[in-house]
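Novice: Quick one: the structure is below, questions incoming.
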Amino acid sequence: MLRGMLVIGTVLLGVVALLTGAAVTVGAGLPTDEIAFFRRNNDTHNAQIYLLDARRGLAHRLTHAEPPRNFDYPVWSPAGDRLALYELSTASLYVLTLADMHLRQITDPELQSYSPAWSPDGGTLAFLRDERLHTLDLTTGELTVLTDAIPRLLYLDWSPDGETIIGRGGDGIVRIDSVSGDVGRWRLDVGARYHLLNVAWSPDGEQIALAMALPGDPYRIYTLSVGENTPQPLTDHAYDTSWPSWSPTGTQLVYWSLTDGANYDIYMIDAAGGASRRLTTAPDDDRSPAWRPR
């Protein structure tokens with residue numbers, strides 16, 4: 001009964017936070033081992049953010065609004081207390097604080113902003129606008145344009161040491177110095193043309209997980225050691241897999257995959273390889289998992 005009351009309360013208070021912009025309190029009791037993801041209703045195409053307890057298989061809806069909004073691509077702050085969200089209909093970024101369910105819009109809806117990434121200290125958010133890398137100081141509101149336009153740059157991630165921001169580029173991984181904005185390329189050696197979708201640093205900064213497709217193959221998850229150029233395959237699903245996210249210990253990853261050619265679901269796999277485990281079974285599409293830091 002208590003869990004049911006918590007879920008209902010979270011949904012209703014999420015409505016209040018979104019419509020009024022006021023901070024509200026939901027109290028304690030959320031799961032402790034959590035994965036955020038977005039679930040898109042296959043009938044209405046509305047997307048909302050959920051929180052999944054990977055051990056219990058229980059999902060809690062975090063966002064809810066009328067008229068419907070589409071929240072995609074959740075990204076955890078390093079402390080695990082906030083989520084950066086992309087809202088599709090306004091092409092804006094929001095920050096959701098879980099302690100009080102306060103949802104705050106942080107970018108101008110007149111200027112499309114996307115692909116958020118947190119600095120390791122949680123004080124700055126990097127994002128893209130017109131293919132240019134921007135950084136926003138969340139305390140002072142200071143906005144910095146760090147680079148010129150980088151064609152096809154998407155899906156940023158900030159290194160644990162704070163020095164480098166990476167993203168998917170048109171011909172490999174783009175590496176950007178987080179202070180100077182200097183841009184470099186990390187080209188992959190796979191012996192064929194490839195299409196890179198997204199990348200993610202491991203918690204210790206020693207590896208990168210990436211989603212990549214080789215000719216004739218679906219997207220699969222690979223891991224790549226920093227300083228090397230040849231990624232190692234991790235998944236072998238018959239359908240596309242993408243959006244890897246590391247566990248806080250760096251020993252496991254979650255990702256989404258198309259299940260039986262029907263719906264997208266969230267899966268888990270050991271970073272060393274082996275069999276994957278399906279975590280969600282809803283009739284809707286579940287995508288973009290993000291493992292909560294501890």
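Lettering and numbering for the structure tokens are positional, with chains as A, B, ... in the shown order, residues counted from 1 in each chain, and ligands counted from 1 in the shown order.
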Need the shell around Gly169 in chain A: protein/DNA/RNA residues with any atom at most 8 Å away, counting only C-alpha atoms. Skip same-chain ones fewer than 2 positions apart. Format as a short mmCIF file (atom, residue, chain, number, x, y, z; two decimals) with N, CA and C atoms, in the first residue's frame?

Specialist:
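Ended up saving to out_34.cif:
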```cif
data_model
loop_
_atom_site.label_atom_id
_atom_site.label_comp_id
_atom_site.auth_asym_id
_atom_site.auth_seq_id
_atom_site.Cartn_x
_atom_site.Cartn_y
_atom_site.Cartn_z
N ILE A 150 30.51 21.74 -34.96
CA ILE A 150 31.16 20.47 -35.27
C ILE A 150 30.10 19.58 -35.94
N PRO A 151 30.19 19.37 -37.24
CA PRO A 151 29.13 18.64 -37.96
C PRO A 151 28.83 17.28 -37.35
N ARG A 152 27.54 17.03 -37.16
CA ARG A 152 27.02 15.74 -36.71
C ARG A 152 27.43 15.38 -35.29
N LEU A 153 27.89 16.34 -34.52
CA LEU A 153 28.23 16.07 -33.13
C LEU A 153 26.94 15.84 -32.32
N LEU A 154 26.93 14.74 -31.56
CA LEU A 154 25.77 14.39 -30.74
C LEU A 154 26.22 13.59 -29.52
N GLY A 167 31.94 12.94 -27.74
CA GLY A 167 30.65 12.81 -28.39
C GLY A 167 30.80 12.05 -29.69
N ASP A 171 32.76 10.92 -38.19
CA ASP A 171 33.71 9.88 -38.58
C ASP A 171 34.47 9.32 -37.39
N GLY A 172 33.83 9.25 -36.25
CA GLY A 172 34.48 8.70 -35.07
C GLY A 172 34.10 9.47 -33.82
N ILE A 173 34.89 9.27 -32.79
CA ILE A 173 34.65 9.93 -31.51
C ILE A 173 35.32 11.30 -31.53
N VAL A 174 34.57 12.32 -31.18
CA VAL A 174 35.12 13.67 -31.07
C VAL A 174 35.55 13.89 -29.63
N LEU A 196 28.70 5.21 -35.93
CA LEU A 196 28.74 5.33 -34.48
C LEU A 196 27.49 6.07 -34.01
#
```

Novice: So that I can check the surroundings of Pro218 in chain A, please list as a VMD selection string every protein, DNA and RNA residue that reaches within 8 Å of it, counting only C-alpha atoms and ignoring chain neighbours fewer than 5 positions away.

Specialist: chain A and resid 213 238 to 241

Novice: Generate a file of the selected residues that holds all heavy atoms, formatted as a PDB file, in the first residue's frame.

Specialist:
```
ATOM      1  N   ALA A 213      27.509   0.293 -35.554  1.00  0.00           N
ATOM      2  CA  ALA A 213      27.032  -0.666 -36.557  1.00  0.00           C
ATOM      3  C   ALA A 213      28.079  -0.809 -37.646  1.00  0.00           C
ATOM      4  O   ALA A 213      28.583   0.184 -38.181  1.00  0.00           O
ATOM      5  CB  ALA A 213      25.709  -0.204 -37.149  1.00  0.00           C
ATOM      6  N   ALA A 238      20.079  -9.891 -32.234  1.00  0.00           N
ATOM      7  CA  ALA A 238      19.726  -9.905 -33.654  1.00  0.00           C
ATOM      8  C   ALA A 238      19.220  -8.545 -34.125  1.00  0.00           C
ATOM      9  O   ALA A 238      19.214  -8.273 -35.323  1.00  0.00           O
ATOM     10  CB  ALA A 238      18.665 -10.979 -33.907  1.00  0.00           C
ATOM     11  N   TYR A 239      18.790  -7.710 -33.165  1.00  0.00           N
ATOM     12  CA  TYR A 239      18.262  -6.390 -33.507  1.00  0.00           C
ATOM     13  C   TYR A 239      19.160  -5.311 -32.897  1.00  0.00           C
ATOM     14  O   TYR A 239      20.053  -5.587 -32.110  1.00  0.00           O
ATOM     15  CB  TYR A 239      16.820  -6.246 -33.002  1.00  0.00           C
ATOM     16  CG  TYR A 239      15.862  -7.258 -33.595  1.00  0.00           C
ATOM     17  CD1 TYR A 239      15.531  -8.417 -32.904  1.00  0.00           C
ATOM     18  CD2 TYR A 239      15.313  -7.057 -34.858  1.00  0.00           C
ATOM     19  CE1 TYR A 239      14.652  -9.349 -33.447  1.00  0.00           C
ATOM     20  CE2 TYR A 239      14.436  -7.978 -35.411  1.00  0.00           C
ATOM     21  CZ  TYR A 239      14.108  -9.123 -34.707  1.00  0.00           C
ATOM     22  OH  TYR A 239      13.247 -10.040 -35.252  1.00  0.00           O
ATOM     23  N   ASP A 240      18.873  -4.067 -33.265  1.00  0.00           N
ATOM     24  CA  ASP A 240      19.680  -2.947 -32.805  1.00  0.00           C
ATOM     25  C   ASP A 240      19.754  -2.876 -31.283  1.00  0.00           C
ATOM     26  O   ASP A 240      18.760  -3.073 -30.576  1.00  0.00           O
ATOM     27  CB  ASP A 240      19.099  -1.627 -33.319  1.00  0.00           C
ATOM     28  CG  ASP A 240      19.383  -1.394 -34.793  1.00  0.00           C
ATOM     29  OD1 ASP A 240      20.314  -2.030 -35.324  1.00  0.00           O
ATOM     30  OD2 ASP A 240      18.678  -0.584 -35.414  1.00  0.00           O
ATOM     31  N   THR A 241      20.942  -2.566 -30.777  1.00  0.00           N
ATOM     32  CA  THR A 241      21.157  -2.267 -29.369  1.00  0.00           C
ATOM     33  C   THR A 241      21.896  -0.940 -29.286  1.00  0.00           C
ATOM     34  O   THR A 241      22.715  -0.610 -30.145  1.00  0.00           O
ATOM     35  CB  THR A 241      21.985  -3.352 -28.659  1.00  0.00           C
ATOM     36  OG1 THR A 241      23.261  -3.462 -29.315  1.00  0.00           O
ATOM     37  CG2 THR A 241      21.293  -4.694 -28.721  1.00  0.00           C
TER      38      THR A 241
END
```

Novice: As a PyMOL selection string, please: every residue in range 48-292 of chain A that a backbone DSSP assignment puts in strand (DSSP E).

Specialist: chain A and resi 48-53+58-61+71-76+82-87+92-97+102-105+114-118+124-129+132-137+143-145+154-158+164-169+172-177+183-186+195-201+207-213+220-225+232-233+241-246+252-259+263-270+277-278+285-291

Novice: When you look at Gln105 in chain A with a cut-off of 7 Å (counting only C-alpha atoms), what residues show up, excluding the ones that are within fewer than 6 positions of it in the same chain? I need them as a count of residues only.

Specialist: 3

Novice: Please provide the set of residues having any atom within 9 Å of Pro120 in chain A, restricted to only C-alpha atoms, with same-chain residues fewer than 6 positions apart removed, written as a ChimeraX atom specification.

Specialist: /A:77-79,158-162

Novice: Take CA of Asn46 in chain A and CA of Ala99 in chain A and report the distance between them in Å, one decimal.

Specialist: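 Separating CA of Asn46 in chain A from CA of Ala99 in chain A is a distance of 24.8 Å.
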
Novice: Taking only C-alpha atoms into account, which of A:Trp243, A:Phe38, A:Tyr50, A:Trp118 comes nearest Leu88 in chain A?

Specialist: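 Smallest distance to Leu88 in chain A is found for A:Phe38.
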
Novice: Mind checking which residues fall within 12 Å of Leu258 in chain A, counting only C-alpha atoms, ignoring those fewer than 6 positions away in the same chain, and posting them as a ChimeraX atom specification?

Specialist: /A:218-220,237-242,264-267,278,280-281,283-287

Novice: Would you please work out which residue, of A:Trp291, A:Trp186, A:Gly122, A:Ala282, is nearest to Ala262 in chain A when using only C-alpha atoms?

Specialist: A:Ala282

Novice: In terms of the shortest atom-to-atom distance over only C-alpha atoms, which of A:Pro231, A:Gly181, A:Pro109, A:Pro248 is closest to Leu133 in chain A?

Specialist: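 Smallest separation from Leu133 in chain A among the options: A:Gly181.
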
Novice: Closest to Gly191 in chain A among A:Val75, A:Leu62, A:Leu125, A:Leu214, using only C-alpha atoms?

Specialist: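 Counting only C-alpha atoms, the residue closest to Gly191 in chain A is A:Leu214.
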
Novice: Just the residues within 9 Å of Asn70 in chain A, please, counting only C-alpha atoms, with nothing from its chain fewer than 4 positions along; format it as a PDB file with N, CA, C and O atoms, in the first residue's frame.

Specialist:
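Below is the file selection-v7.pdb, written as the result:
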```
ATOM      1  N   ARG A  40       8.125   5.460 -23.936  1.00  0.00           N
ATOM      2  CA  ARG A  40       7.255   6.112 -24.914  1.00  0.00           C
ATOM      3  C   ARG A  40       6.035   5.239 -25.172  1.00  0.00           C
ATOM      4  O   ARG A  40       6.152   4.071 -25.550  1.00  0.00           O
ATOM      5  N   HIS A  45       2.460   8.203 -28.298  1.00  0.00           N
ATOM      6  CA  HIS A  45       3.829   8.644 -28.598  1.00  0.00           C
ATOM      7  C   HIS A  45       4.350   9.640 -27.567  1.00  0.00           C
ATOM      8  O   HIS A  45       5.347  10.324 -27.809  1.00  0.00           O
ATOM      9  N   ASN A  46       3.707   9.719 -26.427  1.00  0.00           N
ATOM     10  CA  ASN A  46       4.175  10.568 -25.339  1.00  0.00           C
ATOM     11  C   ASN A  46       5.257   9.827 -24.561  1.00  0.00           C
ATOM     12  O   ASN A  46       5.131   8.633 -24.287  1.00  0.00           O
ATOM     13  N   ALA A  47       6.333  10.544 -24.203  1.00  0.00           N
ATOM     14  CA  ALA A  47       7.453   9.924 -23.487  1.00  0.00           C
ATOM     15  C   ALA A  47       7.602  10.553 -22.111  1.00  0.00           C
ATOM     16  O   ALA A  47       7.542  11.781 -21.978  1.00  0.00           O
ATOM     17  N   GLN A  48       7.796   9.723 -21.089  1.00  0.00           N
ATOM     18  CA  GLN A  48       7.991  10.180 -19.718  1.00  0.00           C
ATOM     19  C   GLN A  48       9.174   9.436 -19.104  1.00  0.00           C
ATOM     20  O   GLN A  48       9.584   8.370 -19.573  1.00  0.00           O
ATOM     21  N   ILE A  49       9.710  10.033 -18.037  1.00  0.00           N
ATOM     22  CA  ILE A  49      10.871   9.456 -17.377  1.00  0.00           C
ATOM     23  C   ILE A  49      10.419   8.526 -16.252  1.00  0.00           C
ATOM     24  O   ILE A  49       9.528   8.858 -15.466  1.00  0.00           O
ATOM     25  N   TYR A  86      15.885  16.123 -21.650  1.00  0.00           N
ATOM     26  CA  TYR A  86      15.590  16.810 -22.899  1.00  0.00           C
ATOM     27  C   TYR A  86      14.096  16.730 -23.147  1.00  0.00           C
ATOM     28  O   TYR A  86      13.504  15.645 -23.080  1.00  0.00           O
ATOM     29  N   GLU A  87      13.475  17.892 -23.427  1.00  0.00           N
ATOM     30  CA  GLU A  87      12.035  17.920 -23.712  1.00  0.00           C
ATOM     31  C   GLU A  87      11.866  18.138 -25.211  1.00  0.00           C
ATOM     32  O   GLU A  87      12.266  19.156 -25.762  1.00  0.00           O
ATOM     33  N   LEU A  88      11.262  17.156 -25.866  1.00  0.00           N
ATOM     34  CA  LEU A  88      11.258  17.100 -27.320  1.00  0.00           C
ATOM     35  C   LEU A  88      10.433  18.212 -27.951  1.00  0.00           C
ATOM     36  O   LEU A  88      10.852  18.827 -28.937  1.00  0.00           O
ATOM     37  N   SER A  89       9.250  18.510 -27.418  1.00  0.00           N
ATOM     38  CA  SER A  89       8.351  19.453 -28.089  1.00  0.00           C
ATOM     39  C   SER A  89       8.893  20.881 -28.089  1.00  0.00           C
ATOM     40  O   SER A  89       8.591  21.666 -28.986  1.00  0.00           O
ATOM     41  N   THR A  90       9.685  21.238 -27.077  1.00  0.00           N
ATOM     42  CA  THR A  90      10.259  22.582 -27.014  1.00  0.00           C
ATOM     43  C   THR A  90      11.753  22.593 -27.312  1.00  0.00           C
ATOM     44  O   THR A  90      12.364  23.668 -27.352  1.00  0.00           O
TER      45      THR A  90
END
```

Novice: Have a look at CA of Val199 in chain A and CA of Ser288 in chain A and let me know their distance in Å, one decimal.

Specialist: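 Distance reported for this atom pair: 12.1 Å.
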
Novice: Neighbouring residues of Ile221 in chain A were defined as those with any atom within 6 Å, considering only C-alpha atoms; residues of the same chain fewer than 4 positions away were excluded. Please report them as a VMD selection string.

Specialist: chain A and resid 210 to 211 234 to 235

Novice: Those selected residues, please, written with all heavy atoms and delivered as a PDB file, in the first residue's frame.

Specialist:
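Saved the output as out25.pdb:
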```pdb
ATOM      1  N   LEU A 210      30.416   2.014 -26.378  1.00  0.00           N
ATOM      2  CA  LEU A 210      29.859   2.697 -27.540  1.00  0.00           C
ATOM      3  C   LEU A 210      28.900   1.788 -28.284  1.00  0.00           C
ATOM      4  O   LEU A 210      28.981   0.560 -28.204  1.00  0.00           O
ATOM      5  CB  LEU A 210      30.975   3.183 -28.464  1.00  0.00           C
ATOM      6  CG  LEU A 210      32.046   2.168 -28.899  1.00  0.00           C
ATOM      7  CD1 LEU A 210      31.693   1.547 -30.238  1.00  0.00           C
ATOM      8  CD2 LEU A 210      33.410   2.838 -28.985  1.00  0.00           C
ATOM      9  N   ALA A 211      27.958   2.417 -28.984  1.00  0.00           N
ATOM     10  CA  ALA A 211      27.032   1.705 -29.857  1.00  0.00           C
ATOM     11  C   ALA A 211      27.463   1.965 -31.292  1.00  0.00           C
ATOM     12  O   ALA A 211      27.578   3.117 -31.711  1.00  0.00           O
ATOM     13  CB  ALA A 211      25.606   2.171 -29.627  1.00  0.00           C
ATOM     14  N   LEU A 234      30.511  -6.539 -27.348  1.00  0.00           N
ATOM     15  CA  LEU A 234      29.978  -6.998 -26.074  1.00  0.00           C
ATOM     16  C   LEU A 234      28.630  -7.691 -26.243  1.00  0.00           C
ATOM     17  O   LEU A 234      28.357  -8.669 -25.563  1.00  0.00           O
ATOM     18  CB  LEU A 234      29.841  -5.811 -25.111  1.00  0.00           C
ATOM     19  CG  LEU A 234      29.395  -6.116 -23.690  1.00  0.00           C
ATOM     20  CD1 LEU A 234      30.422  -7.004 -22.974  1.00  0.00           C
ATOM     21  CD2 LEU A 234      29.174  -4.822 -22.898  1.00  0.00           C
ATOM     22  N   THR A 235      27.777  -7.184 -27.129  1.00  0.00           N
ATOM     23  CA  THR A 235      26.446  -7.764 -27.320  1.00  0.00           C
ATOM     24  C   THR A 235      26.332  -8.389 -28.705  1.00  0.00           C
ATOM     25  O   THR A 235      27.073  -8.034 -29.629  1.00  0.00           O
ATOM     26  CB  THR A 235      25.340  -6.705 -27.155  1.00  0.00           C
ATOM     27  OG1 THR A 235      25.496  -5.715 -28.177  1.00  0.00           O
ATOM     28  CG2 THR A 235      25.425  -6.051 -25.783  1.00  0.00           C
TER      29      THR A 235
END
```
